[in-house]
Each structure stands twice: as C-alpha cells, then as structure tokens.
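Asks: Have a look at this one before I ask anything.
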Amino acid sequence: DQQVKQNSPSLSVQEGRISILNCDYTNSMFDYFLWYKKYPAEGPTFLISISSIKDKNEDGRFTVFLNKSAKHLSLHIVPSQPGDSAVYFCAASARDDKIIFGKGTRLHILP
Amino acid sequence: DTEVTQTPKHLVMGMTNKKSLKCEQHMGHRAMYWYKQKAKKPPELMFVYSYEKLSINESVPSRFSPECPNSSLLNLHLHALQPEDSALYLCASSQAPERQFFGPGTRLTVL
C-alpha cells in the first residue's frame with residue numbers, strides 16, 4: 001500500500017512559468033513532509049520541507065503548501081528554469097527515522 | 001563540511017565475489033542510512049544506524065551486511081549477490097529524521 005503517492009509520472013512546463021508538483025498521502029501520523037530533487041546518477045538533494053503544523057513554507061523560488069484535511073501537498077516552483085529539469089520526490093516522515101518516498105515526478109522545463 | 005561521500009562510484013562484481021561499499025560523513029549526524037534505488041523507482045530503505053547501533057532493518061536478505069565502525073563511517077558488505085541486486089546504493093545521514101543528506105551513490109552491477 002503506497003503511503004505517499006505522486007500520480008503524475010511526468011510534467012512539462014514552459015521556462016518562466018509556474019511548475020506545480022502534487023503529492024497525496026494516506027498516513028495521518030506523518031508529521032514532516034519533504035521534497036527532494038534528483039538528477040540521473042546522483043543522490044537526491046533536499047529542497048524544502050514542511051511541518052504538519054504549518055500550511056505553507058517558502059524558500060526562494062520554491063514554496064510547499066500542505067492541506068492536512070485533504071492529505072495533500074504541492075510544490076510550486078516559480079519561475080521555472082532549465083536547471084529545474086529533474087525528478088522530484090515527495091517524501092514523508094513520522095519521526096521514526098524512516099522517510100517514505102513517492103514514486104517521483106519527472107519535470108521537463110521547455111525552452 | 002556538508003557532504004556525504006561514497007566509494008566506489010561504480011562496482012561490477014560476480015555472484016561469488018565479496019565486496020564492500022563505504023560511506024562517510026563529517027557533519028556529526030547521529031543517524032546513517034542505506035537505501036537501494038532501482039531505475040525509475042523511489043529509494044527503498046534498507047538499514048538505519050542511530051548512534052552507531054542498528055535501529056532499523058527492513059527485512060533485507062543476509063547477503064547484505066551493514067557495519068558502522070564509528071559515528072562517521074558506514075559500510076555495506078556484499079556477498080553472494082544476485083543479478084537482481086544491481087541498483088544504485090545510496091547512503092544518507094541526518095541529525096533529525098525529517099532531513100536526510102544523501103551521498104552520490106554507488107552504481108552496482110552484479111554479473
């Protein structure tokens with residue numbers, strides 16, 4: 001049973017526009033949510049996180065929104081840049097040293 | 001130093017070989033992790049060490065044997081692997097579970 005779901009395997013966005021990546025979860029015990037970015041043949045790189053007590057966290061071009069009642073979070077990237085093309089993993093933690101990853105969304109930024 | 005390093009970058013081994021993967025971090029993190037990632041899949045947790053003690057083993061076959069010689073080092077000893085064990089093996093470290101720093105990974109091929 002997938003506890004963290006990313007239902008869009010891929011997404012294409014024009015350079016300069018907003019990229020919105022979505023993630024759903026099922027486990028109400030999760031209290032931290034994270035986004036990682038991964039290039040081929042490299043380890044995932046931490047992007048941004050949000051605690052379950054917040055509904056928004058912003059860091060430069062990246063904003064994560066959390067809707068606890070819907071068990072849904074999203075990552076907004078604005079403006080999108082060519083270097084943002086990568087696989088983005090949504091992940092969640094229940095503070096037990098485990099991070100559960102979604103299957104990832106491949107983001108293509110079009111020129 | 002905010003890096004997790006892994007050696008070797010690439011490893012090719014036969015099914016009768018014994019080899020080891022190495023991971024090092026100098027951030028003073030209390031927890032270190034091994035993940036396995038197959039192509040187009042999310043990272044799957046294998047083992048977690050917390051304060052140099054094995055705290056999580058996700059039912060990994062005994063042909064994978066982790067070792068934590070000290071707080072900065074994590075090894076993964078490999079013996080009698082199968083071709084389906086070919087994958088990217090990622091090491092990570094963290095002080096708090098909601099933010100893990102990943103190494104670049106070791107690309108393992110089992111012939």
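Identifiers in the structure tokens: chain A, B, ... in order shown; residue index from 1 per chain; ligand index from 1 in order shown.
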Using only C-alpha atoms, determine which residues lie at most 9 Å from stretch 72-83 of chain A, disregarding the query and same-chain residues fewer than 4 positions distant; provide the list as a ChimeraX atom specification.
Replies: /A:13-25,33,35,48,55,60-68,90,108-111
Asks: Can you build me a table of chain B residues sitting at most 9 Å from chain A, with the closest atom pair per residue and its distance in Å to one decimal, using only C-alpha atoms, sorted by chain and residue number, as a Markdown table?
Replies:
```
| residue | atom | partner | partner_atom | distance |
| --- | --- | --- | --- | --- |
| B:Ala31 | CA | A:Asp97 | CA | 8.0 |
| B:Lys40 | CA | A:Lys103 | CA | 7.8 |
| B:Lys41 | CA | A:Lys103 | CA | 5.8 |
| B:Pro42 | CA | A:Lys103 | CA | 5.0 |
| B:Pro43 | CA | A:Phe101 | CA | 6.8 |
| B:Glu44 | CA | A:Phe101 | CA | 7.9 |
| B:Leu45 | CA | A:Lys98 | CA | 7.7 |
| B:Val48 | CA | A:Asp97 | CA | 7.5 |
| B:Ser50 | CA | A:Asp97 | CA | 8.6 |
| B:Ser55 | CA | A:Asp97 | CA | 8.9 |
| B:Ile56 | CA | A:Asp97 | CA | 8.4 |
| B:Leu88 | CA | A:Ala41 | CA | 7.9 |
| B:Leu90 | CA | A:Gly43 | CA | 6.6 |
| B:Cys91 | CA | A:Gly43 | CA | 8.5 |
| B:Ala92 | CA | A:Gly43 | CA | 8.9 |
| B:Ser94 | CA | A:Asp97 | CA | 8.8 |
| B:Ala96 | CA | A:Asp97 | CA | 7.8 |
| B:Pro97 | CA | A:Asp97 | CA | 4.7 |
| B:Glu98 | CA | A:Ser93 | CA | 6.0 |
| B:Arg99 | CA | A:Phe46 | CA | 7.3 |
| B:Gln100 | CA | A:Phe46 | CA | 7.4 |
| B:Phe101 | CA | A:Phe46 | CA | 7.0 |
| B:Phe102 | CA | A:Gly43 | CA | 5.5 |
| B:Gly103 | CA | A:Gly43 | CA | 5.5 |
| B:Pro104 | CA | A:Gly43 | CA | 4.3 |
| B:Gly105 | CA | A:Gly43 | CA | 5.8 |
| B:Thr106 | CA | A:Ala41 | CA | 8.9 |
| B:Arg107 | CA | A:Ala41 | CA | 7.9 |
```
Asks: Go ahead and save the picked residues with N, CA, C and O atoms, as an mmCIF file, in the first residue's frame.
Replies:
```cif
data_model
loop_
_atom_site.group_PDB
_atom_site.id
_atom_site.type_symbol
_atom_site.label_atom_id
_atom_site.label_comp_id
_atom_site.auth_asym_id
_atom_site.auth_seq_id
_atom_site.Cartn_x
_atom_site.Cartn_y
_atom_site.Cartn_z
ATOM 1 N N ALA B 31 22.530 9.672 12.805
ATOM 2 C CA ALA B 31 21.922 8.553 12.080
ATOM 3 C C ALA B 31 22.512 8.431 10.683
ATOM 4 O O ALA B 31 22.804 9.433 10.027
ATOM 5 N N LYS B 40 13.993 4.248 -12.238
ATOM 6 C CA LYS B 40 12.630 4.782 -12.298
ATOM 7 C C LYS B 40 11.791 4.397 -11.089
ATOM 8 O O LYS B 40 10.558 4.335 -11.172
ATOM 9 N N LYS B 41 12.452 4.114 -9.965
ATOM 10 C CA LYS B 41 11.755 3.797 -8.723
ATOM 11 C C LYS B 41 12.256 4.740 -7.635
ATOM 12 O O LYS B 41 13.344 5.301 -7.746
ATOM 13 N N PRO B 42 11.501 4.889 -6.547
ATOM 14 C CA PRO B 42 12.000 5.714 -5.440
ATOM 15 C C PRO B 42 13.032 4.947 -4.618
ATOM 16 O O PRO B 42 13.092 3.716 -4.701
ATOM 17 N N PRO B 43 13.839 5.655 -3.838
ATOM 18 C CA PRO B 43 14.773 4.961 -2.938
ATOM 19 C C PRO B 43 14.002 4.097 -1.937
ATOM 20 O O PRO B 43 12.973 4.502 -1.406
ATOM 21 N N GLU B 44 14.525 2.890 -1.691
ATOM 22 C CA GLU B 44 13.917 1.986 -0.713
ATOM 23 C C GLU B 44 14.864 1.832 0.466
ATOM 24 O O GLU B 44 16.030 1.472 0.283
ATOM 25 N N LEU B 45 14.367 2.088 1.643
ATOM 26 C CA LEU B 45 15.200 1.987 2.843
ATOM 27 C C LEU B 45 15.623 0.545 3.085
ATOM 28 O O LEU B 45 14.803 -0.381 2.982
ATOM 29 N N VAL B 48 19.025 1.372 8.987
ATOM 30 C CA VAL B 48 19.286 2.635 9.677
ATOM 31 C C VAL B 48 20.148 2.343 10.887
ATOM 32 O O VAL B 48 19.871 1.405 11.641
ATOM 33 N N SER B 50 21.489 4.326 14.303
ATOM 34 C CA SER B 50 21.336 5.510 15.127
ATOM 35 C C SER B 50 22.319 5.403 16.284
ATOM 36 O O SER B 50 22.290 4.384 17.006
ATOM 37 N N SER B 55 19.249 0.277 14.110
ATOM 38 C CA SER B 55 17.916 0.529 14.674
ATOM 39 C C SER B 55 16.795 0.048 13.758
ATOM 40 O O SER B 55 15.699 -0.253 14.220
ATOM 41 N N ILE B 56 17.047 -0.012 12.457
ATOM 42 C CA ILE B 56 16.033 -0.471 11.512
ATOM 43 C C ILE B 56 16.692 -1.380 10.473
ATOM 44 O O ILE B 56 17.716 -1.034 9.891
ATOM 45 N N LEU B 88 21.376 1.321 -7.771
ATOM 46 C CA LEU B 88 22.140 2.420 -7.186
ATOM 47 C C LEU B 88 21.968 2.319 -5.674
ATOM 48 O O LEU B 88 20.836 2.286 -5.181
ATOM 49 N N LEU B 90 22.427 4.043 -2.164
ATOM 50 C CA LEU B 90 22.572 5.391 -1.622
ATOM 51 C C LEU B 90 22.784 5.340 -0.125
ATOM 52 O O LEU B 90 22.107 4.595 0.586
ATOM 53 N N CYS B 91 23.708 6.148 0.333
ATOM 54 C CA CYS B 91 23.919 6.351 1.761
ATOM 55 C C CYS B 91 23.374 7.732 2.121
ATOM 56 O O CYS B 91 23.417 8.667 1.294
ATOM 57 N N ALA B 92 22.857 7.878 3.316
ATOM 58 C CA ALA B 92 22.384 9.173 3.787
ATOM 59 C C ALA B 92 22.720 9.322 5.253
ATOM 60 O O ALA B 92 22.986 8.338 5.952
ATOM 61 N N SER B 94 21.653 11.942 8.860
ATOM 62 C CA SER B 94 20.784 13.006 9.374
ATOM 63 C C SER B 94 20.987 13.170 10.870
ATOM 64 O O SER B 94 21.404 12.247 11.568
ATOM 65 N N ALA B 96 18.243 14.996 12.370
ATOM 66 C CA ALA B 96 16.810 14.837 12.597
ATOM 67 C C ALA B 96 16.238 14.041 11.432
ATOM 68 O O ALA B 96 16.655 14.239 10.291
ATOM 69 N N PRO B 97 15.278 13.154 11.669
ATOM 70 C CA PRO B 97 14.821 12.259 10.598
ATOM 71 C C PRO B 97 14.160 12.978 9.437
ATOM 72 O O PRO B 97 14.121 12.442 8.331
ATOM 73 N N GLU B 98 13.677 14.200 9.673
ATOM 74 C CA GLU B 98 12.954 14.858 8.590
ATOM 75 C C GLU B 98 13.855 15.532 7.582
ATOM 76 O O GLU B 98 13.370 16.117 6.625
ATOM 77 N N ARG B 99 15.155 15.453 7.763
ATOM 78 C CA ARG B 99 16.040 15.988 6.729
ATOM 79 C C ARG B 99 17.278 15.107 6.629
ATOM 80 O O ARG B 99 18.153 15.152 7.490
ATOM 81 N N GLN B 100 17.328 14.331 5.559
ATOM 82 C CA GLN B 100 18.451 13.441 5.323
ATOM 83 C C GLN B 100 19.306 13.995 4.192
ATOM 84 O O GLN B 100 18.788 14.481 3.192
ATOM 85 N N PHE B 101 20.615 13.889 4.365
ATOM 86 C CA PHE B 101 21.565 14.304 3.335
ATOM 87 C C PHE B 101 22.059 13.043 2.638
ATOM 88 O O PHE B 101 22.559 12.123 3.298
ATOM 89 N N PHE B 102 21.919 13.016 1.324
ATOM 90 C CA PHE B 102 22.287 11.830 0.562
ATOM 91 C C PHE B 102 23.657 11.979 -0.082
ATOM 92 O O PHE B 102 24.054 13.067 -0.496
ATOM 93 N N GLY B 103 24.361 10.852 -0.189
ATOM 94 C CA GLY B 103 25.572 10.787 -0.973
ATOM 95 C C GLY B 103 25.233 10.582 -2.445
ATOM 96 O O GLY B 103 24.069 10.428 -2.802
ATOM 97 N N PRO B 104 26.266 10.559 -3.307
ATOM 98 C CA PRO B 104 26.032 10.422 -4.743
ATOM 99 C C PRO B 104 25.672 9.002 -5.166
ATOM 100 O O PRO B 104 25.206 8.794 -6.288
ATOM 101 N N GLY B 105 25.909 8.035 -4.285
ATOM 102 C CA GLY B 105 25.538 6.662 -4.612
ATOM 103 C C GLY B 105 26.672 5.850 -5.211
ATOM 104 O O GLY B 105 27.656 6.382 -5.721
ATOM 105 N N THR B 106 26.530 4.543 -5.113
ATOM 106 C CA THR B 106 27.409 3.580 -5.800
ATOM 107 C C THR B 106 26.543 2.808 -6.781
ATOM 108 O O THR B 106 25.544 2.201 -6.383
ATOM 109 N N ARG B 107 26.926 2.837 -8.047
ATOM 110 C CA ARG B 107 26.200 2.081 -9.077
ATOM 111 C C ARG B 107 26.754 0.660 -9.093
ATOM 112 O O ARG B 107 27.909 0.447 -9.474
#
```
Asks: I'd like to know which of B:His10, B:Leu111, B:Met46, B:Tyr51 is closest to B:Ser72, using only C-alpha atoms.
Replies: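 Of all the options, B:Tyr51 lies closest to B:Ser72.
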Asks: Can you tell me which residues surround B:Tyr49 at a distance of at most 10 Å, considering only C-alpha atoms, apart from same-chain residues fewer than 2 positions away, and format the answer as number ranges by chain?
Replies: A: 97; B: 30-34, 47, 51-57, 66-68, 71, 74, 93
Asks: Next, write the just-selected residues to a file, as an mmCIF file, in the first residue's frame, keeping C-alpha atoms as the atom set.
Replies:
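Writing the result to part38.cif gives the following:
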```
data_model
loop_
_atom_site.group_PDB
_atom_site.id
_atom_site.type_symbol
_atom_site.label_atom_id
_atom_site.label_comp_id
_atom_site.auth_asym_id
_atom_site.auth_seq_id
_atom_site.Cartn_x
_atom_site.Cartn_y
_atom_site.Cartn_z
ATOM 1 C CA ASP A 97 13.981 7.707 11.248
ATOM 2 C CA ARG B 30 23.684 10.673 14.712
ATOM 3 C CA ALA B 31 21.922 8.553 12.080
ATOM 4 C CA MET B 32 23.159 6.912 8.894
ATOM 5 C CA TYR B 33 21.145 5.040 6.296
ATOM 6 C CA TRP B 34 21.464 2.644 3.378
ATOM 7 C CA PHE B 47 19.091 -0.152 7.111
ATOM 8 C CA TYR B 51 24.235 6.364 17.453
ATOM 9 C CA GLU B 52 26.226 3.524 15.817
ATOM 10 C CA LYS B 53 23.583 0.908 16.635
ATOM 11 C CA LEU B 54 21.410 -0.823 14.052
ATOM 12 C CA SER B 55 17.916 0.529 14.674
ATOM 13 C CA ILE B 56 16.033 -0.471 11.512
ATOM 14 C CA ASN B 57 16.488 -3.468 9.200
ATOM 15 C CA PRO B 66 25.814 -3.423 7.264
ATOM 16 C CA GLU B 67 28.518 -2.232 9.626
ATOM 17 C CA CYS B 68 29.012 1.052 11.461
ATOM 18 C CA SER B 71 29.945 7.698 14.052
ATOM 19 C CA LEU B 74 29.024 3.214 7.385
ATOM 20 C CA SER B 93 22.913 10.802 7.150
#
```
Asks: At a cut-off of 6 Å, using only C-alpha atoms, what residues contact A:Ala86? Leave out same-chain residues fewer than 5 positions from it and give the result as a VMD selection string.
Replies: chain A and resid 38 to 39 106 to 107
